[in-house]
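Below is the file data-v1.txt, which contains compact mmCIF, C-alpha atoms and all ligand atoms.
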```
# COMPACT_ATOMS: atom_id res chain seq x y z
CA MET A 1 19.24 97.18 -43.57
CA GLU A 2 18.81 100.44 -45.48
CA ARG A 3 18.71 100.02 -49.26
CA ASN A 4 21.38 102.61 -50.02
CA LEU A 5 23.60 100.75 -52.47
CA SER A 6 23.79 100.82 -56.27
CA VAL A 7 25.63 97.93 -57.87
CA ILE A 8 27.33 98.21 -61.26
CA VAL A 9 27.99 94.86 -62.92
CA VAL A 10 30.43 95.31 -65.79
CA ALA A 11 30.08 92.78 -68.59
CA ALA A 12 31.21 94.63 -71.69
CA GLY A 13 34.61 93.01 -72.25
CA ARG A 14 35.65 91.06 -75.32
CA GLY A 15 37.35 88.24 -73.43
CA SER A 16 40.45 88.22 -75.63
CA ARG A 17 42.41 86.06 -73.14
CA MET A 18 39.59 83.50 -73.12
CA GLY A 19 39.73 83.28 -76.89
CA THR A 20 36.17 81.99 -77.37
CA LYS A 21 33.91 83.30 -80.16
CA GLU A 22 31.24 84.09 -77.56
CA SER A 23 32.21 86.76 -75.01
CA LYS A 24 33.01 84.96 -71.76
CA GLN A 25 30.27 86.73 -69.74
CA PHE A 26 27.71 84.95 -71.95
CA LEU A 27 29.26 81.48 -71.66
CA GLU A 28 26.93 79.13 -69.81
CA LEU A 29 27.47 78.12 -66.22
CA ASP A 30 24.79 76.05 -64.52
CA GLY A 31 22.56 76.53 -67.60
CA GLN A 32 22.74 80.35 -67.51
CA PRO A 33 25.01 83.04 -68.98
CA LEU A 34 27.58 83.40 -66.25
CA PHE A 35 27.09 87.17 -65.67
CA LEU A 36 23.60 86.45 -64.29
CA ARG A 37 24.97 84.57 -61.32
CA ALA A 38 26.54 87.65 -59.71
CA ILE A 39 23.41 89.70 -60.45
CA ASP A 40 21.36 87.09 -58.63
CA THR A 41 23.64 87.21 -55.57
CA PHE A 42 23.66 91.03 -55.40
CA GLY A 43 19.88 90.96 -55.87
CA ARG A 44 19.61 88.95 -52.64
CA PHE A 45 21.89 91.29 -50.66
CA GLY A 46 19.84 93.39 -48.24
CA ALA A 47 21.34 96.84 -49.01
CA THR A 48 21.02 96.62 -52.80
CA ALA A 49 18.67 99.31 -54.11
CA GLU A 50 19.40 98.93 -57.82
CA ILE A 51 21.66 97.03 -60.19
CA ILE A 52 23.07 98.61 -63.33
CA VAL A 53 24.36 96.23 -65.96
CA VAL A 54 26.94 97.38 -68.49
CA THR A 55 27.47 95.32 -71.62
CA GLY A 56 28.70 95.67 -75.20
CA ALA A 57 26.65 98.00 -77.41
CA ALA A 58 25.69 95.05 -79.62
CA ASP A 59 24.63 92.95 -76.62
CA VAL A 60 22.29 95.32 -74.78
CA GLU A 61 19.09 93.77 -76.14
CA ARG A 62 19.99 90.15 -75.55
CA CYS A 63 21.28 91.07 -72.11
CA GLU A 64 17.91 92.64 -71.32
CA ARG A 65 16.20 89.46 -72.57
CA TYR A 66 18.32 87.24 -70.31
CA ILE A 67 17.57 89.49 -67.34
CA GLN A 68 13.85 89.48 -68.06
CA GLU A 69 13.79 85.67 -68.35
CA ALA A 70 15.74 85.26 -65.11
CA GLU A 71 13.48 87.76 -63.29
CA CYS A 72 15.97 90.12 -61.64
CA PRO A 73 13.66 92.85 -60.28
CA LEU A 74 16.45 95.09 -58.96
CA VAL A 75 18.05 95.55 -62.37
CA LYS A 76 17.31 99.18 -63.21
CA THR A 77 18.88 99.38 -66.64
CA VAL A 78 21.31 97.82 -69.10
CA VAL A 79 23.66 100.28 -70.77
CA ALA A 80 26.42 100.07 -73.36
CA GLY A 81 30.00 100.11 -72.08
CA GLY A 82 33.21 101.49 -73.52
CA ALA A 83 36.51 100.35 -74.98
CA GLU A 84 38.17 99.63 -71.60
CA ARG A 85 36.79 98.38 -68.31
CA GLN A 86 37.22 101.85 -66.79
CA HIS A 87 35.06 103.41 -69.52
CA SER A 88 32.38 100.79 -68.94
CA VAL A 89 32.34 101.52 -65.20
CA TYR A 90 31.99 105.23 -65.96
CA GLU A 91 28.98 104.57 -68.20
CA GLY A 92 27.42 102.63 -65.32
CA LEU A 93 28.24 105.35 -62.81
CA LYS A 94 26.19 107.86 -64.81
CA GLN A 95 23.09 105.78 -63.97
CA VAL A 96 23.68 105.50 -60.22
CA SER A 97 21.18 107.11 -57.85
CA SER A 98 22.28 105.77 -54.42
CA PRO A 99 24.86 107.36 -52.09
CA TRP A 100 27.01 104.21 -52.10
CA VAL A 101 28.15 102.20 -55.10
CA MET A 102 29.84 98.85 -55.62
CA VAL A 103 31.46 97.81 -58.87
CA HIS A 104 31.60 94.10 -59.66
CA ASP A 105 33.04 92.14 -62.59
CA GLY A 106 30.29 90.20 -64.36
CA VAL A 107 32.85 87.44 -64.81
CA ARG A 108 33.26 86.78 -61.08
CA PRO A 109 30.26 84.46 -60.70
CA PHE A 110 31.21 82.93 -57.34
CA ILE A 111 30.85 86.07 -55.25
CA ARG A 112 29.12 85.11 -51.97
CA GLU A 113 26.52 87.18 -50.14
CA GLU A 114 28.57 87.05 -46.93
CA ASP A 115 31.61 88.53 -48.73
CA ILE A 116 29.51 91.31 -50.25
CA GLY A 117 28.41 91.94 -46.66
CA ALA A 118 32.01 92.10 -45.42
CA CYS A 119 32.94 94.59 -48.16
CA TYR A 120 29.80 96.65 -47.49
CA GLU A 121 30.47 96.84 -43.75
CA GLU A 122 34.09 97.87 -44.29
CA MET A 123 33.03 100.46 -46.88
CA GLN A 124 30.49 101.96 -44.48
CA ARG A 125 33.10 102.00 -41.69
CA SER A 126 36.02 103.45 -43.63
CA GLY A 127 34.46 105.14 -46.66
CA ALA A 128 35.87 102.83 -49.37
CA ALA A 129 36.65 99.11 -49.45
CA VAL A 130 37.61 96.36 -51.85
CA LEU A 131 37.35 92.63 -51.42
CA ALA A 132 40.75 90.93 -51.44
CA VAL A 133 42.66 87.84 -50.33
CA PRO A 134 46.21 87.59 -48.96
CA VAL A 135 48.66 86.37 -51.60
CA LYS A 136 49.80 82.78 -50.99
CA ASP A 137 52.71 82.58 -53.44
CA THR A 138 56.00 84.44 -53.25
CA ILE A 139 55.78 87.33 -55.70
CA LYS A 140 58.80 88.64 -57.65
CA ILE A 141 59.29 91.82 -59.61
CA VAL A 142 60.82 90.67 -62.89
CA ASN A 143 62.56 92.80 -65.49
CA ASP A 144 62.57 90.92 -68.79
CA THR A 145 63.50 87.51 -67.29
CA THR A 146 65.60 88.74 -64.39
CA ILE A 147 64.24 88.97 -60.86
CA VAL A 148 64.86 92.44 -59.49
CA ASP A 149 62.96 92.36 -56.22
CA THR A 150 60.97 90.20 -53.83
CA PRO A 151 58.34 92.30 -52.07
CA ASP A 152 57.44 91.40 -48.50
CA ARG A 153 54.56 88.94 -48.93
CA SER A 154 52.86 89.98 -45.71
CA THR A 155 51.94 93.26 -47.42
CA LEU A 156 50.55 91.72 -50.62
CA TRP A 157 46.86 91.12 -51.32
CA ALA A 158 45.19 89.93 -54.52
CA ILE A 159 42.44 92.41 -55.26
CA GLN A 160 39.01 91.28 -56.35
CA THR A 161 35.60 92.83 -56.81
CA PRO A 162 33.24 94.10 -55.48
CA GLN A 163 34.89 97.45 -54.83
CA GLY A 164 32.73 99.92 -52.91
CA PHE A 165 32.84 103.71 -52.60
CA ARG A 166 30.82 106.82 -51.88
CA THR A 167 29.22 107.47 -55.26
CA GLU A 168 30.33 111.11 -55.44
CA GLU A 169 33.95 110.09 -54.70
CA LEU A 170 34.10 107.35 -57.32
CA LEU A 171 32.55 109.69 -59.89
CA ARG A 172 35.16 112.32 -59.07
CA ALA A 173 37.96 109.74 -59.33
CA HIS A 174 36.73 108.58 -62.74
CA GLU A 175 36.26 112.10 -64.07
CA GLN A 176 39.72 113.11 -62.94
CA ALA A 177 41.30 109.99 -64.51
CA LEU A 178 39.43 110.62 -67.73
CA SER A 179 40.51 114.24 -67.95
CA GLU A 180 44.15 113.25 -67.30
CA GLY A 181 44.17 110.28 -69.68
CA VAL A 182 44.88 107.82 -66.84
CA LEU A 183 43.77 104.21 -67.30
CA GLY A 184 43.49 101.99 -64.24
CA THR A 185 42.93 98.25 -64.05
CA ASP A 186 40.55 98.68 -61.14
CA ASP A 187 38.43 101.42 -59.54
CA SER A 188 40.46 101.52 -56.35
CA MET A 189 43.51 102.74 -58.30
CA LEU A 190 41.56 105.79 -59.45
CA ALA A 191 40.37 106.57 -55.93
CA GLU A 192 43.85 105.99 -54.43
CA ARG A 193 45.39 108.59 -56.75
CA LEU A 194 42.97 111.20 -55.34
CA GLY A 195 44.20 110.40 -51.85
CA ILE A 196 41.05 108.49 -50.89
CA ALA A 197 41.92 105.81 -48.33
CA VAL A 198 40.67 102.42 -49.50
CA SER A 199 40.52 99.45 -47.09
CA VAL A 200 40.62 95.77 -47.90
CA ALA A 201 37.96 93.42 -46.63
CA GLN A 202 39.07 89.80 -46.63
CA GLY A 203 37.09 87.76 -49.12
CA ASP A 204 37.37 84.23 -50.40
CA TYR A 205 39.76 82.51 -52.82
CA THR A 206 36.80 81.07 -54.73
CA ASN A 207 35.78 84.55 -55.98
CA ILE A 208 37.76 83.97 -59.17
CA LYS A 209 37.67 86.08 -62.30
CA ILE A 210 36.98 83.91 -65.32
CA THR A 211 39.83 85.06 -67.52
CA THR A 212 41.49 82.16 -69.38
CA PRO A 213 40.16 78.76 -70.58
CA GLU A 214 41.39 76.77 -67.55
CA ASP A 215 39.24 79.04 -65.33
CA LEU A 216 36.16 77.48 -66.96
CA ASP A 217 37.15 74.00 -65.75
CA TYR A 218 37.80 75.39 -62.28
CA ALA A 219 34.42 77.15 -62.40
CA GLU A 220 32.67 73.82 -63.13
CA PHE A 221 34.55 72.29 -60.20
CA LEU A 222 33.51 75.18 -57.91
CA LEU A 223 29.91 74.88 -59.08
CA ARG A 224 29.83 71.21 -58.05
CA ALA A 225 31.35 72.14 -54.68
CA VAL A 226 28.70 74.87 -54.13
CA ARG A 227 25.92 72.38 -55.03
CA ARG A 228 27.32 69.76 -52.63
CA GLU A 229 27.46 72.37 -49.86
CA LYS A 230 23.81 73.35 -50.49
CA GLU A 231 22.70 69.70 -50.45
CA ALA A 232 24.57 68.88 -47.21
N1 LIG B 301 35.68 97.36 -72.12
C1 LIG B 301 35.43 96.56 -71.09
C2 LIG B 301 36.39 95.61 -70.65
C3 LIG B 301 36.07 94.78 -69.58
N2 LIG B 301 34.86 94.87 -69.00
C4 LIG B 301 34.48 93.95 -67.92
O1 LIG B 301 35.42 94.01 -66.86
C5 LIG B 301 35.50 92.75 -66.21
C6 LIG B 301 36.94 92.31 -65.99
O2 LIG B 301 37.63 92.38 -67.20
P1 LIG B 301 38.46 91.23 -67.93
O3 LIG B 301 38.49 89.96 -67.23
O4 LIG B 301 39.74 91.83 -68.34
O5 LIG B 301 37.50 91.01 -69.19
P2 LIG B 301 37.80 91.24 -70.71
O6 LIG B 301 38.23 92.64 -70.98
O7 LIG B 301 36.57 90.74 -71.39
O8 LIG B 301 38.99 90.19 -70.96
P3 LIG B 301 40.32 90.39 -71.81
O9 LIG B 301 41.13 91.44 -71.09
O10 LIG B 301 40.93 89.03 -71.80
O11 LIG B 301 39.88 90.84 -73.19
C7 LIG B 301 34.70 91.76 -67.07
O12 LIG B 301 33.48 91.48 -66.42
C8 LIG B 301 34.52 92.49 -68.36
O13 LIG B 301 33.32 92.14 -69.07
C9 LIG B 301 33.93 95.82 -69.43
O14 LIG B 301 32.83 95.88 -68.90
N3 LIG B 301 34.25 96.65 -70.47
C1 LIG B 302 39.12 94.76 -61.21
C2 LIG B 302 39.90 93.48 -61.17
O1 LIG B 302 39.06 92.38 -61.33
C3 LIG B 302 40.55 93.36 -59.80
O2 LIG B 302 41.33 92.21 -59.76
C4 LIG B 302 40.98 93.45 -62.22
O3 LIG B 302 41.92 94.45 -61.98
C5 LIG B 302 40.45 93.53 -63.62
O4 LIG B 302 41.54 93.47 -64.49
P1 LIG B 302 41.45 93.04 -65.99
O5 LIG B 302 42.75 93.45 -66.59
O6 LIG B 302 40.29 93.80 -66.53
O7 LIG B 302 41.30 91.57 -65.98
```
Just give me the structure as structure tokens.
Amino acid sequence: MERNLSVIVVAAGRGSRMGTKESKQFLELDGQPLFLRAIDTFGRFGATAEIIVVTGAADVERCERYIQEAECPLVKTVVAGGAERQHSVYEGLKQVSSPWVMVHDGVRPFIREEDIGACYEEMQRSGAAVLAVPVKDTIKIVNDTTIVDTPDRSTLWAIQTPQGFRTEELLRAHEQALSEGVLGTDDSMLAERLGIAVSVAQGDYTNIKITTPEDLDYAEFLLRAVRREKEA
């Protein structure tokens, strides 16, 4: 496999919904800050040429220390992020030197190599792809407390990361959004508004984003399940 992929791992958030004093990306999972787990998995993926880590300005040095201790040879640099996720991704994008780029949340520690592979293949086939899973619940559009619509579930997917693009296209999408004052909750949104077709690649429900305190208990449960699978 050609090493033509740069990976941006964003870990510069404050974790306000988690509510812990320590930013959630630095909370320990399996004896390590949880952002390192995704870095390790991307480091094993065959197309990864370099990994760019984005963290808070005050955390750059300790992040570098963690990475050095864990020996992650593909990490090219650790840079300071911005106020919103989108700004952090843009800071990472400035460091990218490969033709393809994937953006991944540092707080999605259960990303599997096979799912990175599925996203990568779909990205190479179609030009841009995000990992996603079909929604299992019925989703309602609610205004205040009143239900106003029930979208057809067969068209609904819960979007995860990684999200992969041609580097030049994602850069263009970010620069355009920045110049127009548009803030997106993911990178795909910025590409979609430029008319770039983005495909979904089906991932796994275990690729959770650690967002609120109960996700930590679920993460411990998933960790035990992963260990059991490895031992079997
Ligand atoms: N300014 C920001 C905000 C978010 N992120 C990263 O984007 C990912 C997804 O964001 P989210 O879960 O929303 O993290 P936080 O912004 O930390 O959480 P919250 O919204 O609860 O404050 C995380 O890996 C987070 O570190 C980032 O790099 N820079
Ligand atoms: C990018 C993302 O993880 C896809 O689900 C999500 O949109 C991030 O959103 P958040 O508001 O930063 O949690």
For ligand LIG 302 (chain B), which residue out of A:Val182, A:Leu194, A:Val148, A:Val103 is the nearest one, using all atoms listed in the file?
A:Val103
What is the atom CA of A:Pro151-atom CA of A:Asp115 distance in Å, reported with one decimal?
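If I compute the distance from atom CA of A:Pro151 to atom CA of A:Asp115, I get 27.2 Å.
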Identify, on the basis of all atoms listed in the file, every residue whose closest approach to A:Pro99 does not exceed 12 Å; exclude the query and any residue fewer than 2 positions from it along the same chain; express the result as a PyMOL selection string.
chain A and resi 2-7+47-50+93+96-97+101-102+123-124+127+164-171
Counting all atoms listed in the file, which of A:Ala132, A:Ile67, A:Ile196, A:Ala191 gets nearest to ligand LIG 302 (chain B)?
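Between A:Ala132, A:Ile67, A:Ile196, A:Ala191, the residue approaching ligand LIG 302 (chain B) most closely is A:Ala132.
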Residue nearest A:Thr20 - candidates A:Leu216, A:Ala83, A:Ile51, A:Ile208, atoms counted: all atoms listed in the file
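Checking each of A:Leu216, A:Ala83, A:Ile51, A:Ile208 against A:Thr20, counting all atoms listed in the file, the winner is A:Leu216.
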Would you list the residues that come within 9 Å of ligand LIG 301 (chain B)? Count only C-alpha atoms and all ligand atoms and give the answer as an MDAnalysis selection string.
chainID A and resid 9:19 23:25 35 53:56 80:89 104:108 185:186 209:212
Regenerate stretch 208-223 of chain A at the level of N, CA, C and O atoms and dump it as a short mmCIF file (atom, residue, chain, number, x, y, z; two decimals), in the frame of the given file.
```
data_model
loop_
_atom_site.label_atom_id
_atom_site.label_comp_id
_atom_site.auth_asym_id
_atom_site.auth_seq_id
_atom_site.Cartn_x
_atom_site.Cartn_y
_atom_site.Cartn_z
N ILE A 208 36.80 83.85 -58.05
CA ILE A 208 37.76 83.97 -59.17
C ILE A 208 37.18 84.82 -60.30
O ILE A 208 35.95 84.90 -60.46
N LYS A 209 38.09 85.39 -61.06
CA LYS A 209 37.67 86.08 -62.30
C LYS A 209 37.90 85.10 -63.43
O LYS A 209 39.00 84.57 -63.60
N ILE A 210 36.85 84.83 -64.18
CA ILE A 210 36.98 83.91 -65.32
C ILE A 210 37.73 84.67 -66.42
O ILE A 210 37.19 85.60 -67.03
N THR A 211 38.97 84.29 -66.62
CA THR A 211 39.83 85.06 -67.52
C THR A 211 40.37 84.20 -68.67
O THR A 211 40.33 84.62 -69.83
N THR A 212 40.88 83.02 -68.35
CA THR A 212 41.49 82.16 -69.38
C THR A 212 40.78 80.79 -69.38
O THR A 212 40.06 80.46 -68.43
N PRO A 213 40.96 79.99 -70.45
CA PRO A 213 40.16 78.76 -70.58
C PRO A 213 40.20 77.83 -69.37
O PRO A 213 39.18 77.23 -69.01
N GLU A 214 41.35 77.71 -68.69
CA GLU A 214 41.39 76.77 -67.55
C GLU A 214 40.48 77.23 -66.41
O GLU A 214 40.05 76.43 -65.58
N ASP A 215 40.15 78.55 -66.38
CA ASP A 215 39.24 79.04 -65.33
C ASP A 215 37.84 78.44 -65.49
O ASP A 215 37.10 78.32 -64.51
N LEU A 216 37.50 78.06 -66.73
CA LEU A 216 36.16 77.48 -66.96
C LEU A 216 36.06 76.11 -66.30
O LEU A 216 35.04 75.76 -65.71
N ASP A 217 37.15 75.32 -66.40
CA ASP A 217 37.15 74.00 -65.75
C ASP A 217 37.08 74.17 -64.24
O ASP A 217 36.35 73.46 -63.54
N TYR A 218 37.82 75.14 -63.73
CA TYR A 218 37.80 75.39 -62.28
C TYR A 218 36.40 75.86 -61.85
O TYR A 218 35.90 75.48 -60.79
N ALA A 219 35.77 76.67 -62.72
CA ALA A 219 34.42 77.15 -62.40
C ALA A 219 33.44 75.98 -62.29
O ALA A 219 32.59 75.94 -61.39
N GLU A 220 33.56 75.01 -63.20
CA GLU A 220 32.67 73.82 -63.13
C GLU A 220 32.92 73.06 -61.83
O GLU A 220 31.98 72.59 -61.18
N PHE A 221 34.19 72.97 -61.45
CA PHE A 221 34.55 72.29 -60.20
C PHE A 221 33.93 73.03 -59.01
O PHE A 221 33.32 72.42 -58.12
N LEU A 222 34.05 74.37 -59.01
CA LEU A 222 33.51 75.18 -57.91
C LEU A 222 31.98 75.05 -57.83
O LEU A 222 31.41 74.97 -56.75
N LEU A 223 31.37 75.00 -59.01
CA LEU A 223 29.91 74.88 -59.08
C LEU A 223 29.45 73.59 -58.40
O LEU A 223 28.50 73.58 -57.60
#
```
